[in-house]
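Beneath this line is the structure, given in structure tokens, with notes to follow.
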Amino acid sequence: MPSAAERTRTLVQSTCSAVLIIPGLDGAKPYQLMPDTRSVGPDGEVFLAFPADSPAVRAATHARDDELNAVLEITDVAPVSVPHRIRGRARLSGRLTLAPGGAEPGMALRLEVGEACVDDLWGADSVEPEDFATAAADPLVEHEAELLQHLHSAHSAEVQALRGLLGERAGGSPEAGTAAGTVAVPVAIDRFGLRVRFTGVRCFDARFDFPEPVRNVNELRYAMHTVFDAAAG
């Protein structure tokens, strides 16, 4: 299971939507406070790119003594159509300053993380800034959306067959599940395994762990074949 810090780092470095909340900017439009890009620095600081005329950049430019508090809110939505589509949220709060060259178009603001928390499919946890700084994002984060969409569109039968691995916990064979109107949707994938949401009369998630954590997409292909072969066997 990934740690809370790893899960938070993964969300920050993903393509999930994010909005920066700054006290006193209540009149700003939400889209004006959505960073164009975000990245994590070597000390765990989060760099957020905004246009030079953004309200966030103006607020940071005029902040006194670099005392501008802000909260970065990230919302993770499943890239496939599924009930209960929001997979998780993360919040990082801290001090916001202009990064070097931050007044130029496309340059960044720097959020020095003081507190963080995550609430996702694994559960709700707080995250220490030091742990966030040293954590690594999941190696599949850049490809997860594409991988899930591919599994859903090209391998739906194999995903559906995974229900047979659950035995009595899922009420029997995958054929029985199909007859009852159950649909299997791959809802999340990481280096440890695949999470599938079974919907129908009863909606529930099931995890299918890989034999060992994968480090890249090539290793993922082998791991997925292992899981699918187990369901077909």
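FYI, nothing fancy with the structure tokens labels: chains A, B, ... in order, residues from 1 per chain, ligands from 1 as they appear.
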>> Give me the residues near Leu140 in chain A as a PyMOL selection string, where near means some atom within 12 Å (using only C-alpha atoms) and where sequence neighbours in that chain fewer than 2 positions away do not count.
In response: chain A and resi 10-11+13-14+136-138+142-148+188-194+213-221
> Counting only C-alpha atoms, what is within 12 Å of Glu73 in chain A, bar same-chain residues fewer than 4 positions away, as JSON, numbers by chain?
Replying inline: {"A": [8, 11, 12, 16, 17, 18, 19, 20, 21, 22, 30, 33, 34, 35, 88, 89, 90, 91, 92, 93, 94, 116, 117, 118, 119]}
Convert the current residue selection to file output with N, CA and C atoms, as a CSV table (one decimal), in the first residue's frame.
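Output (part-v4.csv):
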chain,number,residue,atom,x,y,z
A,8,THR,N,-0.2,11.6,-1.8
A,8,THR,CA,-0.3,13.1,-2.0
A,8,THR,C,0.7,13.5,-3.1
A,11,LEU,N,-0.8,12.8,-6.5
A,11,LEU,CA,-1.8,13.7,-6.9
A,11,LEU,C,-1.3,15.0,-7.4
A,12,VAL,N,-0.3,15.5,-6.6
A,12,VAL,CA,0.3,16.8,-7.0
A,12,VAL,C,1.0,16.7,-8.4
A,16,CYS,N,-4.5,15.9,-12.4
A,16,CYS,CA,-5.8,16.2,-11.7
A,16,CYS,C,-6.0,17.7,-11.6
A,17,SER,N,-7.2,18.1,-11.6
A,17,SER,CA,-7.5,19.5,-11.5
A,17,SER,C,-7.1,20.1,-10.1
A,18,ALA,N,-6.7,21.3,-10.1
A,18,ALA,CA,-6.3,22.0,-8.8
A,18,ALA,C,-6.6,23.4,-8.8
A,19,VAL,N,-6.9,23.9,-7.6
A,19,VAL,CA,-7.2,25.4,-7.5
A,19,VAL,C,-6.4,25.9,-6.3
A,20,LEU,N,-5.9,27.1,-6.4
A,20,LEU,CA,-5.2,27.7,-5.3
A,20,LEU,C,-6.1,28.7,-4.6
A,21,ILE,N,-6.3,28.5,-3.3
A,21,ILE,CA,-7.1,29.3,-2.5
A,21,ILE,C,-6.3,30.3,-1.7
A,22,ILE,N,-6.5,31.6,-1.9
A,22,ILE,CA,-5.8,32.7,-1.2
A,22,ILE,C,-6.7,33.6,-0.4
A,30,PRO,N,-12.8,31.1,-10.3
A,30,PRO,CA,-12.1,29.9,-10.0
A,30,PRO,C,-11.0,29.5,-11.0
A,33,LEU,N,-7.5,30.9,-10.7
A,33,LEU,CA,-6.7,30.4,-9.7
A,33,LEU,C,-6.3,28.9,-9.9
A,34,MET,N,-6.5,28.5,-11.1
A,34,MET,CA,-6.0,27.1,-11.5
A,34,MET,C,-4.7,27.2,-12.2
A,35,PRO,N,-3.6,26.7,-11.5
A,35,PRO,CA,-2.3,26.8,-12.1
A,35,PRO,C,-2.2,26.1,-13.5
A,88,GLY,N,-10.5,11.0,-5.1
A,88,GLY,CA,-9.8,11.5,-3.9
A,88,GLY,C,-9.6,13.0,-4.0
A,89,ARG,N,-9.1,13.6,-2.9
A,89,ARG,CA,-8.8,15.0,-2.8
A,89,ARG,C,-7.5,15.1,-1.9
A,90,ALA,N,-6.8,16.1,-2.2
A,90,ALA,CA,-5.6,16.5,-1.4
A,90,ALA,C,-5.6,18.0,-1.1
A,91,ARG,N,-5.1,18.3,0.1
A,91,ARG,CA,-5.0,19.8,0.4
A,91,ARG,C,-3.5,20.0,0.9
A,92,LEU,N,-2.9,21.0,0.4
A,92,LEU,CA,-1.6,21.4,0.8
A,92,LEU,C,-1.6,22.9,1.2
A,93,SER,N,-1.3,23.2,2.4
A,93,SER,CA,-1.3,24.6,2.8
A,93,SER,C,0.1,25.1,3.2
A,94,GLY,N,0.3,26.3,3.1
A,94,GLY,CA,1.6,26.9,3.5
A,94,GLY,C,1.8,28.3,3.0
A,116,ALA,N,-0.4,19.1,5.1
A,116,ALA,CA,-1.0,18.4,3.9
A,116,ALA,C,-1.8,17.3,4.4
A,117,CYS,N,-2.8,16.9,3.6
A,117,CYS,CA,-3.7,15.8,3.9
A,117,CYS,C,-4.2,15.2,2.6
A,118,VAL,N,-4.6,14.0,2.7
A,118,VAL,CA,-5.2,13.3,1.5
A,118,VAL,C,-6.4,12.5,2.0
A,119,ASP,N,-7.4,12.4,1.1
A,119,ASP,CA,-8.6,11.6,1.4
A,119,ASP,C,-8.9,10.9,0.1
> CA of Ala4 in chain A to CA of Glu115 in chain A: how many Å, to one decimal?
Replying inline: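 Separation between CA of Ala4 in chain A and CA of Glu115 in chain A: 12.7 Å.
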>> Show me, as a ChimeraX atom specification, the residues that have an atom within 8 Å of range 47-50 of chain A when counting only C-alpha atoms, minus same-chain residues fewer than 4 positions from it.
In response: /A:34-41,54,56-57,99,105-111
>> Just checking: using only C-alpha atoms, which residue out of A:Val82, A:Leu165, A:Met1, A:Val227 ends up closest to Gly200 in chain A?
In response: A:Val82
> Between CA of Thr15 in chain A and CA of Ser81 in chain A, what is the distance, to one decimal in Å?
Replying inline: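 Computing it gives 17.0 Å between the two atoms.
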> Among range 72-155 of chain A, which ones does DSSP place in helix (DSSP H, G or I), written as a PyMOL selection string?
Replying inline: chain A and resi 129-134+144-154
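Taking only range 109-194 of chain A, the residues that DSSP calls strand (DSSP E or B) from the backbone come to Leu109, Arg110, Leu111, Glu112, Val113, Gly114, Glu115, Ala116, Cys117, Val118, Asp119, Asp120, Gly123, Ala124, Asp125, Ser126, Val127, Val183, Ala184, Val185, Pro186, Val187, Ala188, Ile189, Asp190, Gly193 and Leu194 of chain A.
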If we count only C-alpha atoms, what is near Leu121 in chain A at a cut-off of 12 Å, once residues fewer than 3 positions away on the same chain are taken out, given as a PDB file with N, CA and C atoms, in the first residue's frame?
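Everything below was put into out.pdb:
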ATOM      1  N   MET A   1       0.850  -1.194   0.000  1.00  0.00           N
ATOM      2  CA  MET A   1       0.000   0.000   0.000  1.00  0.00           C
ATOM      3  C   MET A   1       0.886   1.244   0.000  1.00  0.00           C
ATOM      4  N   PRO A   2       0.599   2.203  -0.877  1.00  0.00           N
ATOM      5  CA  PRO A   2       1.385   3.434  -0.879  1.00  0.00           C
ATOM      6  C   PRO A   2       1.126   4.251   0.379  1.00  0.00           C
ATOM      7  N   ALA A   4       0.669   7.694   2.728  1.00  0.00           N
ATOM      8  CA  ALA A   4      -0.108   8.915   2.517  1.00  0.00           C
ATOM      9  C   ALA A   4       0.725   9.970   1.796  1.00  0.00           C
ATOM     10  N   ARG A   7       0.915   9.037  -1.875  1.00  0.00           N
ATOM     11  CA  ARG A   7      -0.354   9.294  -2.548  1.00  0.00           C
ATOM     12  C   ARG A   7      -0.558  10.786  -2.800  1.00  0.00           C
ATOM     13  N   ASP A  76      -9.191  14.577  -7.598  1.00  0.00           N
ATOM     14  CA  ASP A  76      -8.859  13.486  -8.497  1.00  0.00           C
ATOM     15  C   ASP A  76     -10.145  12.820  -8.977  1.00  0.00           C
ATOM     16  N   VAL A  77     -10.393  12.885 -10.282  1.00  0.00           N
ATOM     17  CA  VAL A  77     -11.594  12.309 -10.881  1.00  0.00           C
ATOM     18  C   VAL A  77     -11.179  11.146 -11.783  1.00  0.00           C
ATOM     19  N   ALA A  78     -11.866  10.032 -11.662  1.00  0.00           N
ATOM     20  CA  ALA A  78     -11.550   8.860 -12.479  1.00  0.00           C
ATOM     21  C   ALA A  78     -11.633   9.214 -13.963  1.00  0.00           C
ATOM     22  N   HIS A  84     -19.740   7.371  -8.629  1.00  0.00           N
ATOM     23  CA  HIS A  84     -18.881   7.911  -7.573  1.00  0.00           C
ATOM     24  C   HIS A  84     -17.484   8.210  -8.147  1.00  0.00           C
ATOM     25  N   ARG A  85     -17.464   9.097  -9.120  1.00  0.00           N
ATOM     26  CA  ARG A  85     -16.283   9.260  -9.960  1.00  0.00           C
ATOM     27  C   ARG A  85     -15.120   9.961  -9.268  1.00  0.00           C
ATOM     28  N   ILE A  86     -15.388  10.759  -8.240  1.00  0.00           N
ATOM     29  CA  ILE A  86     -14.287  11.423  -7.537  1.00  0.00           C
ATOM     30  C   ILE A  86     -13.521  10.379  -6.729  1.00  0.00           C
ATOM     31  N   ARG A  87     -12.245  10.217  -7.048  1.00  0.00           N
ATOM     32  CA  ARG A  87     -11.427   9.192  -6.395  1.00  0.00           C
ATOM     33  C   ARG A  87     -10.723   9.722  -5.152  1.00  0.00           C
ATOM     34  N   GLY A  88     -10.514  11.021  -5.082  1.00  0.00           N
ATOM     35  CA  GLY A  88      -9.819  11.533  -3.917  1.00  0.00           C
ATOM     36  C   GLY A  88      -9.574  13.026  -3.992  1.00  0.00           C
ATOM     37  N   ARG A  89      -9.131  13.563  -2.857  1.00  0.00           N
ATOM     38  CA  ARG A  89      -8.782  14.974  -2.760  1.00  0.00           C
ATOM     39  C   ARG A  89      -7.526  15.111  -1.910  1.00  0.00           C
ATOM     40  N   ALA A  90      -6.769  16.144  -2.190  1.00  0.00           N
ATOM     41  CA  ALA A  90      -5.592  16.464  -1.373  1.00  0.00           C
ATOM     42  C   ALA A  90      -5.580  17.962  -1.124  1.00  0.00           C
ATOM     43  N   VAL A 118      -4.621  13.967   2.691  1.00  0.00           N
ATOM     44  CA  VAL A 118      -5.177  13.295   1.533  1.00  0.00           C
ATOM     45  C   VAL A 118      -6.369  12.460   1.969  1.00  0.00           C
ATOM     46  N   ALA A 124      -8.298   8.331   4.616  1.00  0.00           N
ATOM     47  CA  ALA A 124      -7.954   9.728   4.929  1.00  0.00           C
ATOM     48  C   ALA A 124      -6.750   9.751   5.861  1.00  0.00           C
ATOM     49  N   ASP A 125      -5.754  10.572   5.512  1.00  0.00           N
ATOM     50  CA  ASP A 125      -4.529  10.648   6.318  1.00  0.00           C
ATOM     51  C   ASP A 125      -3.947  12.050   6.242  1.00  0.00           C
ATOM     52  N   VAL A 187     -10.882   1.350 -12.206  1.00  0.00           N
ATOM     53  CA  VAL A 187     -11.034   2.708 -11.684  1.00  0.00           C
ATOM     54  C   VAL A 187      -9.715   3.323 -11.226  1.00  0.00           C
ATOM     55  N   ALA A 188      -8.695   2.503 -10.966  1.00  0.00           N
ATOM     56  CA  ALA A 188      -7.402   3.039 -10.541  1.00  0.00           C
ATOM     57  C   ALA A 188      -6.340   1.980 -10.759  1.00  0.00           C
ATOM     58  N   ILE A 189      -5.137   2.441 -11.072  1.00  0.00           N
ATOM     59  CA  ILE A 189      -4.011   1.524 -11.230  1.00  0.00           C
ATOM     60  C   ILE A 189      -2.755   2.204 -10.710  1.00  0.00           C
ATOM     61  N   ARG A 195      -7.359  -1.554  -9.271  1.00  0.00           N
ATOM     62  CA  ARG A 195      -8.614  -1.466  -8.531  1.00  0.00           C
ATOM     63  C   ARG A 195      -9.764  -1.438  -9.538  1.00  0.00           C
ATOM     64  N   VAL A 196     -10.737  -2.314  -9.337  1.00  0.00           N
ATOM     65  CA  VAL A 196     -11.886  -2.415 -10.230  1.00  0.00           C
ATOM     66  C   VAL A 196     -13.150  -2.109  -9.440  1.00  0.00           C
ATOM     67  N   ARG A 197     -14.027  -1.322 -10.042  1.00  0.00           N
ATOM     68  CA  ARG A 197     -15.318  -1.027  -9.425  1.00  0.00           C
ATOM     69  C   ARG A 197     -16.393  -1.855 -10.124  1.00  0.00           C
ATOM     70  N   PHE A 204     -19.280  -2.071  -5.513  1.00  0.00           N
ATOM     71  CA  PHE A 204     -18.163  -2.260  -4.594  1.00  0.00           C
ATOM     72  C   PHE A 204     -16.854  -2.249  -5.376  1.00  0.00           C
ATOM     73  N   ASP A 205     -15.766  -1.979  -4.670  1.00  0.00           N
ATOM     74  CA  ASP A 205     -14.432  -1.991  -5.252  1.00  0.00           C
ATOM     75  C   ASP A 205     -13.695  -3.255  -4.831  1.00  0.00           C
ATOM     76  N   ALA A 206     -12.808  -3.710  -5.696  1.00  0.00           N
ATOM     77  CA  ALA A 206     -11.923  -4.825  -5.360  1.00  0.00           C
ATOM     78  C   ALA A 206     -10.528  -4.513  -5.892  1.00  0.00           C
ATOM     79  N   ARG A 207      -9.521  -4.850  -5.103  1.00  0.00           N
ATOM     80  CA  ARG A 207      -8.129  -4.676  -5.496  1.00  0.00           C
ATOM     81  C   ARG A 207      -7.573  -6.005  -5.981  1.00  0.00           C
TER      82      ARG A 207
END
